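The structure file upload34.csv is reproduced below (CSV, N, CA and C atoms).
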```csv
chain,number,residue,atom,x,y,z
A,1,MET,N,12.6,6.7,6.2
A,1,MET,CA,11.9,5.7,7.1
A,1,MET,C,12.6,4.4,6.8
A,2,SER,N,12.9,3.7,7.8
A,2,SER,CA,13.5,2.3,7.6
A,2,SER,C,12.6,1.3,8.2
A,3,GLY,N,12.8,0.1,7.8
A,3,GLY,CA,11.9,-1.0,8.3
A,3,GLY,C,10.7,-1.2,7.5
A,4,HIS,N,10.2,-2.4,7.7
A,4,HIS,CA,9.0,-2.8,6.9
A,4,HIS,C,7.7,-2.3,7.5
A,5,ARG,N,6.9,-1.7,6.8
A,5,ARG,CA,5.6,-1.2,7.3
A,5,ARG,C,4.4,-2.1,6.9
A,6,ALA,N,4.2,-2.4,5.6
A,6,ALA,CA,3.1,-3.2,5.2
A,6,ALA,C,3.3,-3.5,3.7
A,7,ASN,N,2.6,-4.5,3.3
A,7,ASN,CA,2.6,-4.9,1.8
A,7,ASN,C,1.5,-4.1,1.2
A,8,VAL,N,1.7,-3.5,0.0
A,8,VAL,CA,0.7,-2.7,-0.7
A,8,VAL,C,0.7,-3.1,-2.2
A,9,LEU,N,-0.5,-3.4,-2.7
A,9,LEU,CA,-0.6,-3.7,-4.1
A,9,LEU,C,-1.2,-2.5,-4.8
A,10,VAL,N,-0.5,-1.9,-5.7
A,10,VAL,CA,-0.9,-0.7,-6.5
A,10,VAL,C,-1.5,-1.2,-7.8
A,11,VAL,N,-2.7,-0.9,-8.1
A,11,VAL,CA,-3.3,-1.3,-9.4
A,11,VAL,C,-3.8,-0.1,-10.1
A,12,ASP,N,-3.1,0.2,-11.2
A,12,ASP,CA,-3.4,1.4,-12.1
A,12,ASP,C,-2.9,1.1,-13.5
A,13,ASP,N,-3.6,1.5,-14.5
A,13,ASP,CA,-3.2,1.3,-15.8
A,13,ASP,C,-2.1,2.3,-16.3
A,14,GLN,N,-1.9,3.4,-15.5
A,14,GLN,CA,-0.9,4.4,-15.9
A,14,GLN,C,0.4,4.1,-15.3
A,15,GLU,N,1.4,3.8,-16.1
A,15,GLU,CA,2.7,3.4,-15.6
A,15,GLU,C,3.3,4.4,-14.7
A,16,VAL,N,3.2,5.7,-15.1
A,16,VAL,CA,3.8,6.8,-14.3
A,16,VAL,C,3.2,6.8,-12.9
A,17,ILE,N,1.9,6.5,-12.7
A,17,ILE,CA,1.3,6.5,-11.4
A,17,ILE,C,1.8,5.3,-10.6
A,18,ARG,N,1.9,4.1,-11.3
A,18,ARG,CA,2.4,2.9,-10.6
A,18,ARG,C,3.8,3.2,-10.1
A,19,ASP,N,4.7,3.7,-11.0
A,19,ASP,CA,6.1,4.0,-10.7
A,19,ASP,C,6.2,5.0,-9.5
A,20,THR,N,5.4,6.1,-9.6
A,20,THR,CA,5.5,7.2,-8.6
A,20,THR,C,5.1,6.6,-7.2
A,21,LEU,N,4.0,5.8,-7.2
A,21,LEU,CA,3.6,5.3,-5.9
A,21,LEU,C,4.6,4.2,-5.4
A,22,GLN,N,5.1,3.4,-6.3
A,22,GLN,CA,6.1,2.4,-5.9
A,22,GLN,C,7.3,3.1,-5.2
A,23,THR,N,7.8,4.1,-5.9
A,23,THR,CA,9.0,4.8,-5.4
A,23,THR,C,8.7,5.5,-4.1
A,24,ALA,N,7.6,6.2,-4.0
A,24,ALA,CA,7.3,6.9,-2.8
A,24,ALA,C,7.0,6.0,-1.6
A,25,LEU,N,6.3,4.9,-1.9
A,25,LEU,CA,5.9,4.0,-0.8
A,25,LEU,C,7.1,3.1,-0.4
A,26,ASP,N,8.0,2.8,-1.3
A,26,ASP,CA,9.3,2.1,-1.0
A,26,ASP,C,10.1,3.0,-0.1
A,27,ASP,N,10.2,4.2,-0.4
A,27,ASP,CA,10.9,5.2,0.4
A,27,ASP,C,10.4,5.3,1.9
A,28,GLU,N,9.1,5.0,2.0
A,28,GLU,CA,8.5,5.0,3.3
A,28,GLU,C,8.5,3.7,4.1
A,29,GLY,N,9.1,2.7,3.5
A,29,GLY,CA,9.3,1.4,4.1
A,29,GLY,C,8.2,0.4,3.8
A,30,PHE,N,7.3,0.7,2.8
A,30,PHE,CA,6.3,-0.3,2.4
A,30,PHE,C,6.9,-1.2,1.3
A,31,THR,N,6.4,-2.4,1.3
A,31,THR,CA,6.8,-3.4,0.2
A,31,THR,C,5.7,-3.3,-0.8
A,32,VAL,N,6.0,-3.0,-2.1
A,32,VAL,CA,5.0,-2.7,-3.1
A,32,VAL,C,5.1,-3.7,-4.3
A,33,GLU,N,4.0,-4.1,-4.7
A,33,GLU,CA,3.8,-4.8,-6.0
A,33,GLU,C,2.9,-4.0,-6.8
A,34,THR,N,3.0,-4.1,-8.1
A,34,THR,CA,2.1,-3.3,-9.0
A,34,THR,C,1.5,-4.2,-10.0
A,35,ALA,N,0.3,-3.7,-10.5
A,35,ALA,CA,-0.4,-4.4,-11.5
A,35,ALA,C,-1.1,-3.3,-12.4
A,36,ALA,N,-1.1,-3.6,-13.8
A,36,ALA,CA,-1.7,-2.6,-14.7
A,36,ALA,C,-3.2,-2.7,-14.9
A,37,ASN,N,-3.8,-3.7,-14.3
A,37,ASN,CA,-5.2,-3.9,-14.4
A,37,ASN,C,-5.7,-4.9,-13.4
A,38,GLY,N,-7.0,-5.1,-13.3
A,38,GLY,CA,-7.6,-5.9,-12.3
A,38,GLY,C,-7.2,-7.4,-12.5
A,39,GLN,N,-7.1,-7.9,-13.7
A,39,GLN,CA,-6.7,-9.3,-13.9
A,39,GLN,C,-5.3,-9.5,-13.4
A,40,GLU,N,-4.4,-8.6,-13.7
A,40,GLU,CA,-3.0,-8.8,-13.1
A,40,GLU,C,-3.1,-8.8,-11.6
A,41,ALA,N,-3.9,-7.9,-11.0
A,41,ALA,CA,-4.0,-7.8,-9.6
A,41,ALA,C,-4.5,-9.1,-9.0
A,42,LEU,N,-5.5,-9.7,-9.6
A,42,LEU,CA,-6.0,-11.0,-9.1
A,42,LEU,C,-5.0,-12.1,-9.1
A,43,GLU,N,-4.2,-12.1,-10.2
A,43,GLU,CA,-3.1,-13.1,-10.3
A,43,GLU,C,-2.1,-12.8,-9.2
A,44,ILE,N,-1.8,-11.6,-8.9
A,44,ILE,CA,-0.8,-11.3,-7.8
A,44,ILE,C,-1.4,-11.7,-6.4
A,45,LEU,N,-2.7,-11.5,-6.2
A,45,LEU,CA,-3.4,-11.9,-5.0
A,45,LEU,C,-3.3,-13.4,-4.8
A,46,GLY,N,-3.2,-14.1,-5.9
A,46,GLY,CA,-3.1,-15.6,-5.8
A,46,GLY,C,-1.8,-16.1,-5.2
A,47,ARG,N,-0.8,-15.2,-5.2
A,47,ARG,CA,0.5,-15.7,-4.7
A,47,ARG,C,1.1,-14.7,-3.7
A,48,TRP,N,0.5,-13.6,-3.4
A,48,TRP,CA,1.1,-12.6,-2.5
A,48,TRP,C,0.0,-11.9,-1.7
A,49,LYS,N,0.1,-11.7,-0.4
A,49,LYS,CA,-1.0,-11.1,0.4
A,49,LYS,C,-0.6,-9.7,0.9
A,50,PRO,N,-1.1,-8.7,0.2
A,50,PRO,CA,-0.9,-7.4,0.7
A,50,PRO,C,-1.8,-7.0,1.8
A,51,CYS,N,-1.5,-6.0,2.6
A,51,CYS,CA,-2.3,-5.5,3.6
A,51,CYS,C,-3.5,-4.7,3.0
A,52,VAL,N,-3.2,-4.1,1.8
A,52,VAL,CA,-4.2,-3.2,1.2
A,52,VAL,C,-4.0,-3.2,-0.3
A,53,VAL,N,-5.1,-3.0,-1.1
A,53,VAL,CA,-5.0,-2.8,-2.5
A,53,VAL,C,-5.4,-1.4,-2.8
A,54,LEU,N,-4.4,-0.6,-3.4
A,54,LEU,CA,-4.8,0.7,-3.9
A,54,LEU,C,-5.3,0.5,-5.4
A,55,LEU,N,-6.5,0.8,-5.6
A,55,LEU,CA,-7.2,0.4,-6.8
A,55,LEU,C,-7.7,1.6,-7.6
A,56,ASP,N,-7.3,1.7,-8.9
A,56,ASP,CA,-7.9,2.6,-9.8
A,56,ASP,C,-9.2,2.0,-10.3
A,57,LEU,N,-10.2,2.8,-10.7
A,57,LEU,CA,-11.4,2.2,-11.2
A,57,LEU,C,-11.4,2.0,-12.7
A,58,MET,N,-11.0,3.0,-13.4
A,58,MET,CA,-11.1,3.0,-14.9
A,58,MET,C,-9.8,2.5,-15.5
A,59,MET,N,-9.8,1.2,-15.9
A,59,MET,CA,-8.7,0.5,-16.5
A,59,MET,C,-9.1,-0.4,-17.6
A,60,PRO,N,-8.3,-0.7,-18.6
A,60,PRO,CA,-8.6,-1.7,-19.6
A,60,PRO,C,-8.4,-3.1,-19.1
A,61,VAL,N,-8.8,-4.1,-19.8
A,61,VAL,CA,-8.8,-5.5,-19.5
A,61,VAL,C,-9.7,-5.9,-18.4
A,62,MET,N,-9.5,-5.4,-17.2
A,62,MET,CA,-10.5,-5.6,-16.1
A,62,MET,C,-10.4,-4.3,-15.2
A,63,ASP,N,-11.5,-3.6,-15.2
A,63,ASP,CA,-11.6,-2.4,-14.4
A,63,ASP,C,-11.8,-2.6,-12.9
A,64,GLY,N,-11.7,-1.6,-12.1
A,64,GLY,CA,-11.8,-1.7,-10.7
A,64,GLY,C,-13.1,-2.3,-10.2
A,65,TRP,N,-14.2,-2.0,-10.9
A,65,TRP,CA,-15.5,-2.6,-10.5
A,65,TRP,C,-15.5,-4.1,-10.7
A,66,ALA,N,-15.0,-4.6,-11.8
A,66,ALA,CA,-14.9,-6.0,-12.1
A,66,ALA,C,-13.9,-6.7,-11.1
A,67,PHE,N,-12.8,-6.0,-10.8
A,67,PHE,CA,-11.9,-6.6,-9.9
A,67,PHE,C,-12.5,-6.8,-8.5
A,68,CYS,N,-13.3,-5.8,-8.0
A,68,CYS,CA,-13.9,-5.9,-6.7
A,68,CYS,C,-14.9,-7.1,-6.7
A,69,ALA,N,-15.7,-7.2,-7.8
A,69,ALA,CA,-16.6,-8.3,-7.9
A,69,ALA,C,-15.9,-9.7,-7.9
A,70,GLU,N,-14.8,-9.8,-8.6
A,70,GLU,CA,-14.1,-11.1,-8.6
A,70,GLU,C,-13.4,-11.3,-7.3
A,71,GLN,N,-12.9,-10.3,-6.7
A,71,GLN,CA,-12.2,-10.4,-5.4
A,71,GLN,C,-13.2,-11.0,-4.4
A,72,GLN,N,-14.4,-10.4,-4.3
A,72,GLN,CA,-15.4,-10.8,-3.4
A,72,GLN,C,-15.9,-12.3,-3.7
A,73,ARG,N,-16.0,-12.6,-5.0
A,73,ARG,CA,-16.5,-13.9,-5.4
A,73,ARG,C,-15.4,-14.9,-5.0
A,74,ALA,N,-14.1,-14.6,-5.0
A,74,ALA,CA,-13.1,-15.5,-4.6
A,74,ALA,C,-12.9,-15.6,-3.1
A,75,GLY,N,-13.6,-14.7,-2.4
A,75,GLY,CA,-13.5,-14.8,-0.9
A,75,GLY,C,-12.3,-14.0,-0.4
A,76,ASP,N,-11.6,-13.3,-1.2
A,76,ASP,CA,-10.5,-12.5,-0.7
A,76,ASP,C,-10.9,-11.3,0.1
A,77,LYS,N,-10.4,-11.1,1.3
A,77,LYS,CA,-10.9,-10.0,2.1
A,77,LYS,C,-9.9,-8.9,2.3
A,78,THR,N,-8.9,-8.8,1.3
A,78,THR,CA,-7.9,-7.8,1.4
A,78,THR,C,-8.6,-6.4,1.2
A,79,PRO,N,-8.4,-5.5,2.2
A,79,PRO,CA,-9.1,-4.2,2.0
A,79,PRO,C,-8.6,-3.4,0.8
A,80,VAL,N,-9.6,-2.7,0.2
A,80,VAL,CA,-9.4,-1.9,-1.0
A,80,VAL,C,-9.5,-0.5,-0.7
A,81,VAL,N,-8.6,0.3,-1.2
A,81,VAL,CA,-8.7,1.8,-1.1
A,81,VAL,C,-8.7,2.3,-2.6
A,82,LEU,N,-9.8,2.9,-3.0
A,82,LEU,CA,-9.9,3.4,-4.3
A,82,LEU,C,-9.0,4.6,-4.5
A,83,LEU,N,-8.4,4.6,-5.7
A,83,LEU,CA,-7.4,5.7,-6.1
A,83,LEU,C,-7.8,6.1,-7.5
A,84,SER,N,-8.7,7.1,-7.6
A,84,SER,CA,-9.3,7.4,-8.9
A,84,SER,C,-9.6,8.9,-9.1
A,85,ALA,N,-9.7,9.3,-10.3
A,85,ALA,CA,-10.1,10.6,-10.7
A,85,ALA,C,-11.6,10.6,-10.9
A,86,ALA,N,-12.3,9.5,-10.8
A,86,ALA,CA,-13.7,9.4,-11.0
A,86,ALA,C,-14.4,10.2,-10.0
A,87,GLY,N,-15.5,10.9,-10.3
A,87,GLY,CA,-16.3,11.6,-9.4
A,87,GLY,C,-17.1,10.7,-8.5
A,88,GLY,N,-17.6,11.2,-7.4
A,88,GLY,CA,-18.4,10.4,-6.5
A,88,GLY,C,-17.7,9.2,-5.8
A,89,LEU,N,-16.4,9.4,-5.5
A,89,LEU,CA,-15.7,8.3,-4.9
A,89,LEU,C,-16.2,7.9,-3.6
A,90,ASP,N,-16.8,8.8,-2.8
A,90,ASP,CA,-17.3,8.4,-1.5
A,90,ASP,C,-18.5,7.4,-1.7
A,91,LYS,N,-19.3,7.6,-2.7
A,91,LYS,CA,-20.4,6.7,-2.9
A,91,LYS,C,-20.0,5.4,-3.5
A,92,GLU,N,-19.0,5.5,-4.4
A,92,GLU,CA,-18.4,4.3,-5.0
A,92,GLU,C,-17.7,3.4,-4.0
A,93,ALA,N,-17.0,4.1,-3.1
A,93,ALA,CA,-16.3,3.3,-2.0
A,93,ALA,C,-17.3,2.5,-1.2
A,94,LYS,N,-18.5,3.2,-0.8
A,94,LYS,CA,-19.5,2.5,0.0
A,94,LYS,C,-20.1,1.4,-0.9
A,95,ARG,N,-20.4,1.6,-2.1
A,95,ARG,CA,-21.1,0.6,-3.0
A,95,ARG,C,-20.2,-0.6,-3.2
A,96,LEU,N,-18.9,-0.4,-3.3
A,96,LEU,CA,-17.9,-1.5,-3.5
A,96,LEU,C,-17.4,-2.0,-2.2
A,97,CYS,N,-17.8,-1.5,-1.1
A,97,CYS,CA,-17.4,-2.0,0.2
A,97,CYS,C,-15.9,-1.7,0.4
A,98,ALA,N,-15.4,-0.6,-0.2
A,98,ALA,CA,-14.0,-0.3,-0.1
A,98,ALA,C,-13.7,0.4,1.3
A,99,ALA,N,-12.5,0.2,1.7
A,99,ALA,CA,-12.1,0.7,3.0
A,99,ALA,C,-11.9,2.2,3.0
A,100,GLY,N,-11.8,2.8,1.8
A,100,GLY,CA,-11.6,4.3,1.7
A,100,GLY,C,-11.3,4.7,0.3
A,101,PHE,N,-11.0,5.9,0.1
A,101,PHE,CA,-10.6,6.4,-1.2
A,101,PHE,C,-9.7,7.6,-1.1
A,102,VAL,N,-8.9,7.8,-2.2
A,102,VAL,CA,-8.1,8.9,-2.4
A,102,VAL,C,-8.3,9.4,-3.8
A,103,ALA,N,-8.6,10.7,-4.0
A,103,ALA,CA,-8.9,11.3,-5.3
A,103,ALA,C,-7.6,11.6,-6.0
A,104,LYS,N,-7.6,11.4,-7.3
A,104,LYS,CA,-6.5,11.8,-8.2
A,104,LYS,C,-6.8,13.3,-8.6
A,105,PRO,N,-5.8,14.1,-8.8
A,105,PRO,CA,-4.4,13.9,-8.4
A,105,PRO,C,-4.3,13.8,-6.9
A,106,PHE,N,-3.4,13.0,-6.5
A,106,PHE,CA,-3.3,12.7,-5.0
A,106,PHE,C,-2.0,13.3,-4.4
A,107,ASP,N,-2.1,13.5,-3.1
A,107,ASP,CA,-0.9,13.8,-2.3
A,107,ASP,C,-0.5,12.6,-1.7
A,108,ILE,N,0.8,12.3,-1.7
A,108,ILE,CA,1.3,11.0,-1.2
A,108,ILE,C,1.0,10.9,0.3
A,109,ASP,N,1.0,12.0,1.0
A,109,ASP,CA,0.6,11.9,2.5
A,109,ASP,C,-0.8,11.4,2.7
A,110,HIS,N,-1.7,11.7,1.7
A,110,HIS,CA,-3.1,11.2,1.8
A,110,HIS,C,-3.1,9.7,1.5
A,111,VAL,N,-2.3,9.3,0.6
A,111,VAL,CA,-2.2,7.9,0.2
A,111,VAL,C,-1.7,7.1,1.5
A,112,ILE,N,-0.6,7.6,2.1
A,112,ILE,CA,-0.1,6.9,3.2
A,112,ILE,C,-1.1,6.9,4.4
A,113,SER,N,-1.8,8.0,4.6
A,113,SER,CA,-2.8,8.0,5.7
A,113,SER,C,-3.9,6.9,5.4
A,114,ALA,N,-4.3,6.8,4.1
A,114,ALA,CA,-5.3,5.8,3.8
A,114,ALA,C,-4.8,4.4,4.0
A,115,ILE,N,-3.5,4.2,3.7
A,115,ILE,CA,-2.9,2.8,3.9
A,115,ILE,C,-2.9,2.6,5.4
A,116,GLU,N,-2.4,3.5,6.2
A,116,GLU,CA,-2.3,3.3,7.6
A,116,GLU,C,-3.6,3.2,8.3
A,117,GLY,N,-4.7,3.7,7.6
A,117,GLY,CA,-6.0,3.5,8.2
A,117,GLY,C,-6.5,2.1,8.1
A,118,VAL,N,-5.9,1.3,7.3
A,118,VAL,CA,-6.4,-0.1,7.2
A,118,VAL,C,-5.3,-1.2,7.5
A,119,CYS,N,-4.1,-0.7,7.6
A,119,CYS,CA,-3.0,-1.7,7.9
A,119,CYS,C,-2.4,-1.5,9.3
```
Encoded form (structure tokens):
Amino acid sequence: MSGHRANVLVVDDQEVIRDTLQTALDDEGFTVETAANGQEALEILGRWKPCVVLLDLMMPVMDGWAFCAEQQRAGDKTPVVLLSAAGGLDKEAKRLCAAGFVAKPFDIDHVISAIEGVC
């Protein structure tokens, strides 16, 4: 795939997941930034505007729930797609007002579909 599709912020504490998603999404024409936790993600949102945030829930420093609360408090309206191994993602997505969710382990096609659903 060539050409720019959308800006995507990947937030996950596992480096292998960040790297895997960055490589796969880059190959599909997305521009990707990564963060290891919610605090890093908020800092990135202060200087860069993605179309969507792919967000893990369980992370050190600032988890996904705290990130969503801070994002809403700051008035940032960037859509969030949960990317987590946590159970009950459909309920968490509704509770956090997320645009969707993808369960881990994930298929990259499902991730791309989730991104395309909001971008």
Of the candidates A:Val52, A:Val32, A:Ala41, A:Ile17, which one gets nearest to A:Lys104 if we count only C-alpha atoms? A:Ile17
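Among the candidate residues A:Ala86, A:Leu42, A:Leu96, A:Leu9, the one lying nearest to A:Glu70 is A:Leu42, with distances computed using only C-alpha atoms.
Taking only C-alpha atoms into account, A:Cys119 lies nearest to A:Val80 out of the set A:Val80, A:Ala74, A:Val16, A:Pro105.
Note that the spacing between atom CA of A:Leu45 and atom CA of A:Ala93 amounts to 20.2 Å.
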What's the 8 Å shell around A:Gln22, counting only N, CA and C atoms, without same-chain residues fewer than 6 positions away, as a ChimeraX atom specification? /A:10,16,28,30-34
Counting only C-alpha atoms, find residues at most 9 Å from (-17.0, -0.6, -9.1) (file frame) and give them as number ranges by chain. A: 57, 63-69, 92-93, 95-96
Give me a file of those residues, with N, CA and C atoms, as a PDB file, in the coordinates of the input.
```pdb
ATOM      1  N   LEU A  57     -10.200   2.800 -10.700  1.00  0.00           N
ATOM      2  CA  LEU A  57     -11.400   2.200 -11.200  1.00  0.00           C
ATOM      3  C   LEU A  57     -11.400   2.000 -12.700  1.00  0.00           C
ATOM      4  N   ASP A  63     -11.500  -3.600 -15.200  1.00  0.00           N
ATOM      5  CA  ASP A  63     -11.600  -2.400 -14.400  1.00  0.00           C
ATOM      6  C   ASP A  63     -11.800  -2.600 -12.900  1.00  0.00           C
ATOM      7  N   GLY A  64     -11.700  -1.600 -12.100  1.00  0.00           N
ATOM      8  CA  GLY A  64     -11.800  -1.700 -10.700  1.00  0.00           C
ATOM      9  C   GLY A  64     -13.100  -2.300 -10.200  1.00  0.00           C
ATOM     10  N   TRP A  65     -14.200  -2.000 -10.900  1.00  0.00           N
ATOM     11  CA  TRP A  65     -15.500  -2.600 -10.500  1.00  0.00           C
ATOM     12  C   TRP A  65     -15.500  -4.100 -10.700  1.00  0.00           C
ATOM     13  N   ALA A  66     -15.000  -4.600 -11.800  1.00  0.00           N
ATOM     14  CA  ALA A  66     -14.900  -6.000 -12.100  1.00  0.00           C
ATOM     15  C   ALA A  66     -13.900  -6.700 -11.100  1.00  0.00           C
ATOM     16  N   PHE A  67     -12.800  -6.000 -10.800  1.00  0.00           N
ATOM     17  CA  PHE A  67     -11.900  -6.600  -9.900  1.00  0.00           C
ATOM     18  C   PHE A  67     -12.500  -6.800  -8.500  1.00  0.00           C
ATOM     19  N   CYS A  68     -13.300  -5.800  -8.000  1.00  0.00           N
ATOM     20  CA  CYS A  68     -13.900  -5.900  -6.700  1.00  0.00           C
ATOM     21  C   CYS A  68     -14.900  -7.100  -6.700  1.00  0.00           C
ATOM     22  N   ALA A  69     -15.700  -7.200  -7.800  1.00  0.00           N
ATOM     23  CA  ALA A  69     -16.600  -8.300  -7.900  1.00  0.00           C
ATOM     24  C   ALA A  69     -15.900  -9.700  -7.900  1.00  0.00           C
ATOM     25  N   GLU A  92     -19.000   5.500  -4.400  1.00  0.00           N
ATOM     26  CA  GLU A  92     -18.400   4.300  -5.000  1.00  0.00           C
ATOM     27  C   GLU A  92     -17.700   3.400  -4.000  1.00  0.00           C
ATOM     28  N   ALA A  93     -17.000   4.100  -3.100  1.00  0.00           N
ATOM     29  CA  ALA A  93     -16.300   3.300  -2.000  1.00  0.00           C
ATOM     30  C   ALA A  93     -17.300   2.500  -1.200  1.00  0.00           C
ATOM     31  N   ARG A  95     -20.400   1.600  -2.100  1.00  0.00           N
ATOM     32  CA  ARG A  95     -21.100   0.600  -3.000  1.00  0.00           C
ATOM     33  C   ARG A  95     -20.200  -0.600  -3.200  1.00  0.00           C
ATOM     34  N   LEU A  96     -18.900  -0.400  -3.300  1.00  0.00           N
ATOM     35  CA  LEU A  96     -17.900  -1.500  -3.500  1.00  0.00           C
ATOM     36  C   LEU A  96     -17.400  -2.000  -2.200  1.00  0.00           C
TER      37      LEU A  96
END
```
Which of A:Ala98, A:Ala85, A:Met59, A:Val53 sits closest to A:Ile115 [using all atoms listed in the file]: A:Val53
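From atom CA of A:Val11 back to atom C of A:Pro60, the distance works out to 11.1 Å.
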Kindly indicate which residue among A:Thr78, A:Gln39, A:Thr23, A:Gln14 lies nearest to A:Val61, using only C-alpha atoms for the distances. A:Gln39
Shell around A:Ala114 at 7 Å using all atoms listed in the file, local window under 6 positions removed, as a short mmCIF file (atom, residue, chain, number, x, y, z; two decimals) with N, CA and C atoms, keeping the file's coordinate frame:
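Output (part.cif):
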```cif
data_model
loop_
_atom_site.label_atom_id
_atom_site.label_comp_id
_atom_site.auth_asym_id
_atom_site.auth_seq_id
_atom_site.Cartn_x
_atom_site.Cartn_y
_atom_site.Cartn_z
N VAL A 81 -8.60 0.30 -1.20
CA VAL A 81 -8.70 1.80 -1.10
C VAL A 81 -8.70 2.30 -2.60
N GLY A 100 -11.80 2.80 1.80
CA GLY A 100 -11.60 4.30 1.70
C GLY A 100 -11.30 4.70 0.30
N PHE A 101 -11.00 5.90 0.10
CA PHE A 101 -10.60 6.40 -1.20
C PHE A 101 -9.70 7.60 -1.10
#
```
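Counting all atoms listed in the file and comparing A:Asn7, A:Asn37, A:Ser113, A:Thr20, the residue that lies closest to A:Met58 is A:Asn37.
Going from atom N of A:Leu54 to atom CA of A:Gly29 covers 15.7 Å.
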